[in-house]
file target.cif (mmCIF, C-alpha atoms)
data_work
loop_
_atom_site.group_PDB
_atom_site.id
_atom_site.type_symbol
_atom_site.label_atom_id
_atom_site.label_comp_id
_atom_site.auth_asym_id
_atom_site.auth_seq_id
_atom_site.Cartn_x
_atom_site.Cartn_y
_atom_site.Cartn_z
ATOM 1 C CA MET F 1 -34.947 11.447 -20.588
ATOM 2 C CA SER F 2 -33.786 12.750 -17.204
ATOM 3 C CA ASN F 3 -36.165 13.264 -14.364
ATOM 4 C CA PRO F 4 -35.108 16.211 -12.229
ATOM 5 C CA TYR F 5 -37.097 14.974 -9.230
ATOM 6 C CA ARG F 6 -35.497 11.500 -9.351
ATOM 7 C CA ASP F 7 -32.059 13.041 -9.838
ATOM 8 C CA ARG F 8 -32.524 15.196 -6.748
ATOM 9 C CA LEU F 9 -33.689 12.263 -4.645
ATOM 10 C CA LEU F 10 -30.652 10.241 -5.699
ATOM 11 C CA THR F 11 -28.267 12.984 -4.622
ATOM 12 C CA ILE F 12 -29.653 13.053 -1.088
ATOM 13 C CA GLY F 13 -29.531 9.287 -0.760
ATOM 14 C CA VAL F 14 -33.224 8.532 -0.422
ATOM 15 C CA LEU F 15 -33.337 5.930 -3.197
ATOM 16 C CA SER F 16 -29.936 4.472 -2.271
ATOM 17 C CA ASN F 17 -30.989 3.483 1.247
ATOM 18 C CA GLY F 18 -30.522 -0.269 1.720
ATOM 19 C CA ARG F 19 -28.608 -0.665 -1.540
ATOM 20 C CA THR F 20 -24.983 -1.735 -1.516
ATOM 21 C CA ARG F 21 -22.526 0.443 -3.348
ATOM 22 C CA THR F 22 -18.849 1.198 -3.338
ATOM 23 C CA ARG F 23 -17.839 3.606 -0.604
ATOM 24 C CA VAL F 24 -15.250 6.144 -1.644
ATOM 25 C CA ARG F 25 -13.042 8.204 0.639
ATOM 26 C CA GLU F 26 -10.272 10.556 -0.342
ATOM 27 C CA ASP F 27 -7.387 11.726 1.796
ATOM 28 C CA ARG F 28 -3.704 12.529 1.740
ATOM 29 C CA ALA F 29 -0.885 10.263 2.827
ATOM 30 C CA ASP F 30 1.677 11.464 5.345
ATOM 31 C CA ASN F 31 3.865 12.618 2.464
ATOM 32 C CA GLY F 32 1.012 14.738 1.142
ATOM 33 C CA GLU F 33 0.179 12.472 -1.791
ATOM 34 C CA ARG F 34 -3.521 12.256 -2.612
ATOM 35 C CA ARG F 35 -5.280 8.904 -2.332
ATOM 36 C CA LYS F 36 -8.703 7.523 -3.112
ATOM 37 C CA HIS F 37 -9.943 4.537 -1.125
ATOM 38 C CA SER F 38 -12.770 2.562 -2.739
ATOM 39 C CA THR F 39 -14.363 -0.119 -0.572
ATOM 40 C CA ASP F 40 -16.656 -2.420 -2.525
ATOM 41 C CA GLU F 41 -19.722 -4.293 -1.334
ATOM 42 C CA LEU F 42 -17.505 -7.237 -0.357
ATOM 43 C CA GLY F 43 -15.617 -5.012 2.097
ATOM 44 C CA ASN F 44 -12.408 -5.082 0.096
ATOM 45 C CA THR F 45 -10.554 -1.809 -0.494
ATOM 46 C CA THR F 46 -8.619 -0.615 -3.506
ATOM 47 C CA THR F 47 -6.481 2.486 -2.874
ATOM 48 C CA GLU F 48 -5.427 4.561 -5.847
ATOM 49 C CA TRP F 49 -2.609 7.036 -5.374
ATOM 50 C CA SER F 50 -1.921 10.119 -7.455
ATOM 51 C CA SER F 51 1.419 8.543 -8.349
ATOM 52 C CA ASP F 52 -0.325 5.616 -10.125
ATOM 53 C CA ARG F 53 0.392 3.313 -7.219
ATOM 54 C CA GLN F 54 -2.502 1.007 -6.341
ATOM 55 C CA ASP F 55 -2.940 -0.966 -3.119
ATOM 56 C CA VAL F 56 -5.471 -3.673 -2.325
ATOM 57 C CA THR F 57 -6.730 -4.828 1.069
ATOM 58 C CA ILE F 58 -8.784 -8.002 1.080
ATOM 59 C CA ARG F 59 -11.071 -8.731 4.052
ATOM 60 C CA PRO F 60 -12.354 -12.259 3.440
ATOM 61 C CA THR F 61 -15.054 -13.879 5.500
ATOM 62 C CA THR F 62 -14.164 -17.005 7.440
ATOM 63 C CA VAL F 63 -14.394 -20.287 5.546
ATOM 64 C CA GLN F 64 -16.892 -22.194 7.684
ATOM 65 C CA GLY F 65 -16.905 -25.960 7.530
ATOM 66 C CA ARG F 66 -19.619 -27.964 9.226
ATOM 67 C CA THR F 67 -20.058 -31.569 10.145
ATOM 68 C CA SER F 68 -23.429 -33.258 10.364
ATOM 69 C CA VAL F 69 -24.564 -35.792 12.909
ATOM 70 C CA HIS F 70 -27.407 -38.126 12.068
ATOM 71 C CA LYS F 71 -29.536 -38.594 15.127
ATOM 72 C CA SER F 72 -31.257 -41.927 15.475
ATOM 73 C CA MET J 1 -13.412 -21.857 -15.359
ATOM 74 C CA ALA J 2 -14.038 -19.798 -12.240
ATOM 75 C CA ILE J 3 -13.727 -19.568 -8.496
ATOM 76 C CA THR J 4 -17.261 -19.580 -7.186
ATOM 77 C CA ALA J 5 -16.876 -20.513 -3.552
ATOM 78 C CA SER J 6 -14.514 -20.823 -0.628
ATOM 79 C CA GLY J 7 -13.962 -24.234 0.918
ATOM 80 C CA LEU J 8 -11.778 -26.895 2.429
ATOM 81 C CA PHE J 9 -10.223 -29.565 0.221
ATOM 82 C CA VAL J 10 -11.849 -32.795 1.328
ATOM 83 C CA PRO J 11 -9.190 -35.147 -0.119
ATOM 84 C CA SER J 12 -6.577 -33.427 2.033
ATOM 85 C CA ILE J 13 -8.701 -33.908 5.140
ATOM 86 C CA ILE J 14 -9.046 -37.591 4.228
ATOM 87 C CA ASN J 15 -5.292 -37.820 3.642
ATOM 88 C CA ILE J 16 -4.655 -36.373 7.091
ATOM 89 C CA PHE J 17 -7.103 -38.751 8.783
ATOM 90 C CA THR J 18 -5.638 -41.772 6.972
ATOM 91 C CA ASN J 19 -2.046 -40.831 7.823
ATOM 92 C CA THR J 20 -1.230 -40.353 4.147
ATOM 93 C CA ILE J 21 0.170 -36.904 4.796
ATOM 94 C CA ALA J 22 1.327 -35.081 7.901
ATOM 95 C CA VAL J 23 0.233 -31.454 8.023
ATOM 96 C CA ASP J 24 1.361 -29.056 10.711
ATOM 97 C CA LEU J 25 -0.917 -26.019 10.669
ATOM 98 C CA GLY J 26 1.072 -24.646 13.584
ATOM 99 C CA SER J 27 4.168 -24.213 11.448
ATOM 100 C CA GLU J 28 5.523 -20.680 11.154
ATOM 101 C CA THR J 29 7.329 -21.342 7.892
ATOM 102 C CA ASN J 30 5.576 -24.057 5.925
ATOM 103 C CA ILE J 31 1.941 -22.939 5.767
ATOM 104 C CA LYS J 32 1.743 -20.692 2.740
ATOM 105 C CA VAL J 33 -0.821 -18.548 0.997
ATOM 106 C CA ALA J 34 -0.680 -18.405 -2.788
ATOM 107 C CA LEU J 35 -2.852 -16.294 -5.092
ATOM 108 C CA LEU J 36 -5.129 -17.511 -7.853
ATOM 109 C CA SER J 37 -6.830 -15.907 -10.827
ATOM 110 C CA ASN J 38 -10.419 -16.583 -11.790
ATOM 111 C CA LEU J 39 -9.155 -18.939 -14.500
ATOM 112 C CA ALA J 40 -8.782 -21.556 -11.789
ATOM 113 C CA THR J 41 -11.494 -24.161 -11.364
ATOM 114 C CA PRO J 42 -11.086 -25.678 -7.924
ATOM 115 C CA ASN J 43 -12.746 -28.968 -7.111
ATOM 116 C CA PHE J 44 -13.103 -29.518 -3.390
ATOM 117 C CA ASP J 45 -13.873 -33.209 -3.961
ATOM 118 C CA THR J 46 -10.856 -34.113 -6.089
ATOM 119 C CA HIS J 47 -8.112 -31.494 -5.672
ATOM 120 C CA ASP J 48 -5.631 -31.970 -2.886
ATOM 121 C CA TYR J 49 -2.188 -30.756 -3.946
ATOM 122 C CA TRP J 50 -1.055 -27.304 -5.088
ATOM 123 C CA GLY J 51 -0.119 -28.700 -8.492
ATOM 124 C CA ASP J 52 -3.834 -29.125 -9.185
ATOM 125 C CA LEU J 53 -4.298 -25.348 -9.298
ATOM 126 C CA SER J 54 -0.851 -23.765 -9.591
ATOM 127 C CA ALA J 55 -1.202 -23.286 -13.353
ATOM 128 C CA ASN J 56 -3.518 -20.380 -12.530
ATOM 129 C CA GLU J 57 -1.330 -18.815 -9.878
ATOM 130 C CA VAL J 58 -0.968 -15.034 -9.882
ATOM 131 C CA THR J 59 2.573 -13.835 -9.273
ATOM 132 C CA GLY J 60 4.382 -10.604 -9.914
ATOM 133 C CA THR J 61 6.818 -8.072 -8.587
ATOM 134 C CA GLY J 62 7.013 -8.387 -4.825
ATOM 135 C CA TRP J 63 5.030 -11.642 -4.754
ATOM 136 C CA SER J 64 6.925 -14.765 -5.724
ATOM 137 C CA ALA J 65 5.630 -18.034 -7.075
ATOM 138 C CA GLY J 66 4.424 -20.276 -4.288
ATOM 139 C CA GLY J 67 3.207 -17.351 -2.220
ATOM 140 C CA VAL J 68 4.188 -16.184 1.238
ATOM 141 C CA ALA J 69 4.367 -17.990 4.559
ATOM 142 C CA LEU J 70 1.681 -17.406 7.147
ATOM 143 C CA THR J 71 2.955 -16.466 10.573
ATOM 144 C CA SER J 72 1.468 -16.609 14.051
ATOM 145 C CA THR J 73 -0.508 -19.631 12.963
ATOM 146 C CA ALA J 74 -2.838 -20.940 15.636
ATOM 147 C CA LEU J 75 -5.349 -23.743 16.076
ATOM 148 C CA SER J 76 -7.903 -23.457 18.849
ATOM 149 C CA ALA J 77 -11.244 -24.803 19.994
ATOM 150 C CA SER J 78 -14.341 -22.916 20.995
ATOM 151 C CA SER J 79 -17.739 -24.464 21.758
ATOM 152 C CA GLY J 80 -17.018 -27.550 19.689
ATOM 153 C CA THR J 81 -15.605 -25.578 16.772
ATOM 154 C CA LEU J 82 -12.057 -25.781 15.481
ATOM 155 C CA LEU J 83 -10.567 -22.446 14.470
ATOM 156 C CA PHE J 84 -7.454 -21.872 12.364
ATOM 157 C CA ASP J 85 -6.025 -18.370 12.328
ATOM 158 C CA ALA J 86 -2.830 -16.571 11.368
ATOM 159 C CA ALA J 87 -1.429 -13.087 11.202
ATOM 160 C CA ASP J 88 -2.675 -10.781 8.488
ATOM 161 C CA VAL J 89 -0.676 -10.739 5.284
ATOM 162 C CA SER J 90 0.856 -7.566 3.887
ATOM 163 C CA GLU J 91 3.388 -7.362 1.084
ATOM 164 C CA SER J 92 4.511 -3.960 -0.168
ATOM 165 C CA ASN J 93 5.741 -2.841 -3.549
ATOM 166 C CA THR J 94 3.810 -5.491 -5.415
ATOM 167 C CA THR J 95 2.503 -5.402 -8.948
ATOM 168 C CA LEU J 96 -0.093 -8.116 -9.345
ATOM 169 C CA GLY J 97 -2.916 -8.867 -11.692
ATOM 170 C CA ASP J 98 -1.573 -8.217 -15.144
ATOM 171 C CA PRO J 99 -2.779 -9.947 -17.244
ATOM 172 C CA ASN J 100 -4.839 -12.010 -14.791
ATOM 173 C CA PRO J 101 -6.186 -10.295 -11.646
ATOM 174 C CA VAL J 102 -6.258 -11.938 -8.256
ATOM 175 C CA ARG J 103 -9.530 -13.664 -7.426
ATOM 176 C CA GLY J 104 -8.693 -15.851 -4.448
ATOM 177 C CA CYS J 105 -6.014 -17.638 -2.491
ATOM 178 C CA VAL J 106 -5.053 -21.138 -1.479
ATOM 179 C CA ILE J 107 -3.536 -22.101 1.863
ATOM 180 C CA TYR J 108 -1.280 -25.116 1.629
ATOM 181 C CA ASP J 109 1.433 -26.970 3.513
ATOM 182 C CA ASP J 110 4.726 -26.507 1.717
ATOM 183 C CA SER J 111 6.452 -29.189 3.793
ATOM 184 C CA VAL J 112 4.419 -32.078 2.401
ATOM 185 C CA THR J 113 6.461 -33.952 -0.204
ATOM 186 C CA THR J 114 4.868 -37.384 -0.460
ATOM 187 C CA PRO J 115 2.912 -38.812 -2.105
ATOM 188 C CA THR J 116 2.761 -35.414 -3.839
ATOM 189 C CA ALA J 117 4.142 -32.043 -2.857
ATOM 190 C CA ASP J 118 2.253 -29.227 -1.164
ATOM 191 C CA ALA J 119 -1.041 -30.351 0.313
ATOM 192 C CA MET J 120 -3.819 -27.784 -0.072
ATOM 193 C CA ILE J 121 -5.966 -27.098 2.966
ATOM 194 C CA CYS J 122 -8.447 -24.446 1.917
ATOM 195 C CA LEU J 123 -9.316 -21.913 -0.742
ATOM 196 C CA VAL J 124 -10.608 -18.432 -0.005
ATOM 197 C CA ASN J 125 -12.715 -16.749 -2.673
ATOM 198 C CA PHE J 126 -12.185 -12.976 -2.708
ATOM 199 C CA GLY J 127 -15.398 -12.497 -4.660
ATOM 200 C CA SER J 128 -14.038 -10.129 -7.283
ATOM 201 C CA ASP J 129 -10.870 -9.389 -9.266
ATOM 202 C CA TYR J 130 -8.124 -7.254 -7.765
ATOM 203 C CA SER J 131 -4.808 -5.837 -8.935
ATOM 204 C CA THR J 132 -1.955 -3.829 -7.445
ATOM 205 C CA VAL J 133 0.498 -1.436 -9.068
ATOM 206 C CA ASP J 134 3.698 -0.938 -7.124
ATOM 207 C CA GLY J 135 1.533 -1.131 -4.053
ATOM 208 C CA THR J 136 0.658 -3.127 -0.979
ATOM 209 C CA PHE J 137 -1.316 -6.343 -1.263
ATOM 210 C CA ALA J 138 -2.874 -7.123 2.083
ATOM 211 C CA ILE J 139 -5.190 -9.792 3.446
ATOM 212 C CA GLN J 140 -6.896 -8.992 6.737
ATOM 213 C CA TRP J 141 -8.333 -12.249 8.039
ATOM 214 C CA SER J 142 -11.682 -12.184 9.778
ATOM 215 C CA SER J 143 -11.793 -11.093 13.406
ATOM 216 C CA ALA J 144 -15.335 -12.271 14.078
ATOM 217 C CA PRO J 145 -14.815 -15.142 14.225
ATOM 218 C CA ALA J 146 -11.074 -14.720 14.500
ATOM 219 C CA ALA J 147 -10.256 -17.400 11.996
ATOM 220 C CA ILE J 148 -9.312 -18.114 8.396
ATOM 221 C CA PHE J 149 -11.410 -21.237 8.553
ATOM 222 C CA THR J 150 -13.492 -23.051 11.127
ATOM 223 C CA ILE J 151 -14.924 -26.540 11.369
ATOM 224 C CA ASP J 152 -17.985 -26.967 13.554
ATOM 225 C CA PHE J 153 -17.793 -30.477 15.005
ATOM 226 C CA THR J 154 -20.919 -30.097 17.139
ATOM 227 C CA PRO J 155 -23.603 -28.702 14.830
#
call {"tool": "encode", "arguments": {"input": "target.cif", "output": "structure tokens"}}
result
Amino acid sequence: MSNPYRDRLLTIGVLSNGRTRTRVREDRADNGERRKHSTDELGNTTTEWSSDRQDVTIRPTTVQGRTSVHKS
Amino acid sequence: MAITASGLFVPSIINIFTNTIAVDLGSETNIKVALLSNLATPNFDTHDYWGDLSANEVTGTGWSAGGVALTSTALSASSGTLLFDAADVSESNTTLGDPNPVRGCVIYDDSVTTPTADAMICLVNFGSDYSTVDGTFAIQWSSAPAAIFTIDFTP
């Protein structure tokens, strides 16, 4: 059963504050073709074009190795 | 079977320290990045050569088997930490991920031939599955820190 008050709060972002979700942005390429950029919670972006083309941009975090020193 | 973490391949580090293999991370042609699906099960304690994981490589149009060479490779030191970095990767007109999407990548030295070919240095977990369709596959390495991997020698 839908709750009209909850639905309204969701649309203005009150309940989404602090939660991670995919960010979506739409634009047009230089040739006028429409694109939708979806950036997920990992920071990686999938771009869907109106021509069925799909790009991916990965933004990985640094692989961090550590040594340990045993202090006497 | 799954990629659950990023990491450095310890046997390769041991092989370097024991003069078993010679790895030049400053090479502009031999350090390559190859893509893996989530069918791969890397073991950072036992895997050391690309053949250990290549069965789960993701290839396709615009992205050949064995991967692409990293350029502008650089090793540096900062506050007791070793940093390895390279130029971002970008390959256009690729179709990748069918039937197995891309989940991560391996960086390896293509010039190593003995005792086994292609010593793996590190694996980067992308965290999710990705595919391209006649599009650009790009990897933008971290800028803070500016490194693909680091090793903190003075923790």
call {"tool": "residues_near_point", "arguments": {"input": "target.cif", "point": "(3.1, -24.4, 13.5)", "cutoff": "10 Å", "atoms": "all atoms listed in the file", "output": "PyMOL selection string"}}
result
chain J and resi 23-31+70-75
call {"tool": "residues_around", "arguments": {"input": "target.cif", "residues": "stretch 92-99 of chain J", "least_positions_apart": "6", "cutoff": "9 Å", "atoms": "only C-alpha atoms", "output": "PDB file with C-alpha atoms, keeping the file's coordinate frame"}}
result
ATOM      1  CA  ARG F  53       0.392   3.313  -7.219  1.00  0.00           C
ATOM      2  CA  GLN F  54      -2.502   1.007  -6.341  1.00  0.00           C
ATOM      3  CA  ASP F  55      -2.940  -0.966  -3.119  1.00  0.00           C
TER       4      ASP F  55
ATOM      5  CA  SER J  37      -6.830 -15.907 -10.827  1.00  0.00           C
ATOM      6  CA  VAL J  58      -0.968 -15.034  -9.882  1.00  0.00           C
ATOM      7  CA  THR J  59       2.573 -13.835  -9.273  1.00  0.00           C
ATOM      8  CA  GLY J  60       4.382 -10.604  -9.914  1.00  0.00           C
ATOM      9  CA  THR J  61       6.818  -8.072  -8.587  1.00  0.00           C
ATOM     10  CA  GLY J  62       7.013  -8.387  -4.825  1.00  0.00           C
ATOM     11  CA  TRP J  63       5.030 -11.642  -4.754  1.00  0.00           C
ATOM     12  CA  ASP J 129     -10.870  -9.389  -9.266  1.00  0.00           C
ATOM     13  CA  TYR J 130      -8.124  -7.254  -7.765  1.00  0.00           C
ATOM     14  CA  SER J 131      -4.808  -5.837  -8.935  1.00  0.00           C
ATOM     15  CA  THR J 132      -1.955  -3.829  -7.445  1.00  0.00           C
ATOM     16  CA  VAL J 133       0.498  -1.436  -9.068  1.00  0.00           C
ATOM     17  CA  ASP J 134       3.698  -0.938  -7.124  1.00  0.00           C
ATOM     18  CA  GLY J 135       1.533  -1.131  -4.053  1.00  0.00           C
ATOM     19  CA  THR J 136       0.658  -3.127  -0.979  1.00  0.00           C
ATOM     20  CA  PHE J 137      -1.316  -6.343  -1.263  1.00  0.00           C
ATOM     21  CA  ALA J 138      -2.874  -7.123   2.083  1.00  0.00           C
TER      22      ALA J 138
END
call {"tool": "resolve_selection", "arguments": {"input": "target.cif", "expression": "the PyMOL selection byres ((chain J and resi 118) around 8)", "output": "PyMOL selection string"}}
result
chain J and resi 49-51+108-113+116-117+119-120
call {"tool": "write_last_selection", "arguments": {"input": "target.cif", "atoms": "C-alpha atoms", "output": "short mmCIF file (atom, residue, chain, number, x, y, z; two decimals), keeping the file's coordinate frame"}}
result
data_model
loop_
_atom_site.label_atom_id
_atom_site.label_comp_id
_atom_site.auth_asym_id
_atom_site.auth_seq_id
_atom_site.Cartn_x
_atom_site.Cartn_y
_atom_site.Cartn_z
CA TYR J 49 -2.19 -30.76 -3.95
CA TRP J 50 -1.06 -27.30 -5.09
CA GLY J 51 -0.12 -28.70 -8.49
CA TYR J 108 -1.28 -25.12 1.63
CA ASP J 109 1.43 -26.97 3.51
CA ASP J 110 4.73 -26.51 1.72
CA SER J 111 6.45 -29.19 3.79
CA VAL J 112 4.42 -32.08 2.40
CA THR J 113 6.46 -33.95 -0.20
CA THR J 116 2.76 -35.41 -3.84
CA ALA J 117 4.14 -32.04 -2.86
CA ALA J 119 -1.04 -30.35 0.31
CA MET J 120 -3.82 -27.78 -0.07
#
call {"tool": "resolve_selection", "arguments": {"input": "target.cif", "expression": "the PyMOL selection byres ((chain F and resi 39) around 9)", "output": "PyMOL selection string"}}
result
chain F and resi 21-25+37-38+40-47
call {"tool": "resolve_selection", "arguments": {"input": "target.cif", "expression": "the PyMOL selection byres ((chain J) within 8 of (chain F))", "output": "MDAnalysis selection string"}}
result
chainID J and resid 6:8 124:127 130:142 145 147:155
call {"tool": "atom_distance", "arguments": {"input": "target.cif", "atom1": "atom CA of J:Asn15", "atom2": "atom CA of J:Cys105"}}
result
21.1 Å
call {"tool": "atom_distance", "arguments": {"input": "target.cif", "atom1": "atom CA of J:Asn43", "atom2": "atom CA of J:Thr4"}}
result
10.4 Å
call {"tool": "atom_distance", "arguments": {"input": "target.cif", "atom1": "atom CA of J:Asp45", "atom2": "atom CA of J:Pro11"}}
result
6.4 Å
call {"tool": "residues_around", "arguments": {"input": "target.cif", "residues": "J:Thr46", "least_positions_apart": "4", "cutoff": "10 Å", "atoms": "all atoms listed in the file", "output": "MDAnalysis selection string"}}
result
chainID J and resid 9:12 42 52
call {"tool": "closest_residue", "arguments": {"input": "target.cif", "among": "J:Ala77, J:Ala34, J:Leu82, J:Ile14", "to": "J:Ala65", "atoms": "all atoms listed in the file"}}
result
J:Ala34
call {"tool": "axis_aligned_box", "arguments": {"input": "target.cif", "around": "stretch 60-71 of chain F", "padding_each_side": "5 Å", "output": "AutoDock Vina command-line options"}}
result
--center_x -20.9 --center_y -25.4 --center_z 9.3 --size_x 27.2 --size_y 36.3 --size_z 21.7
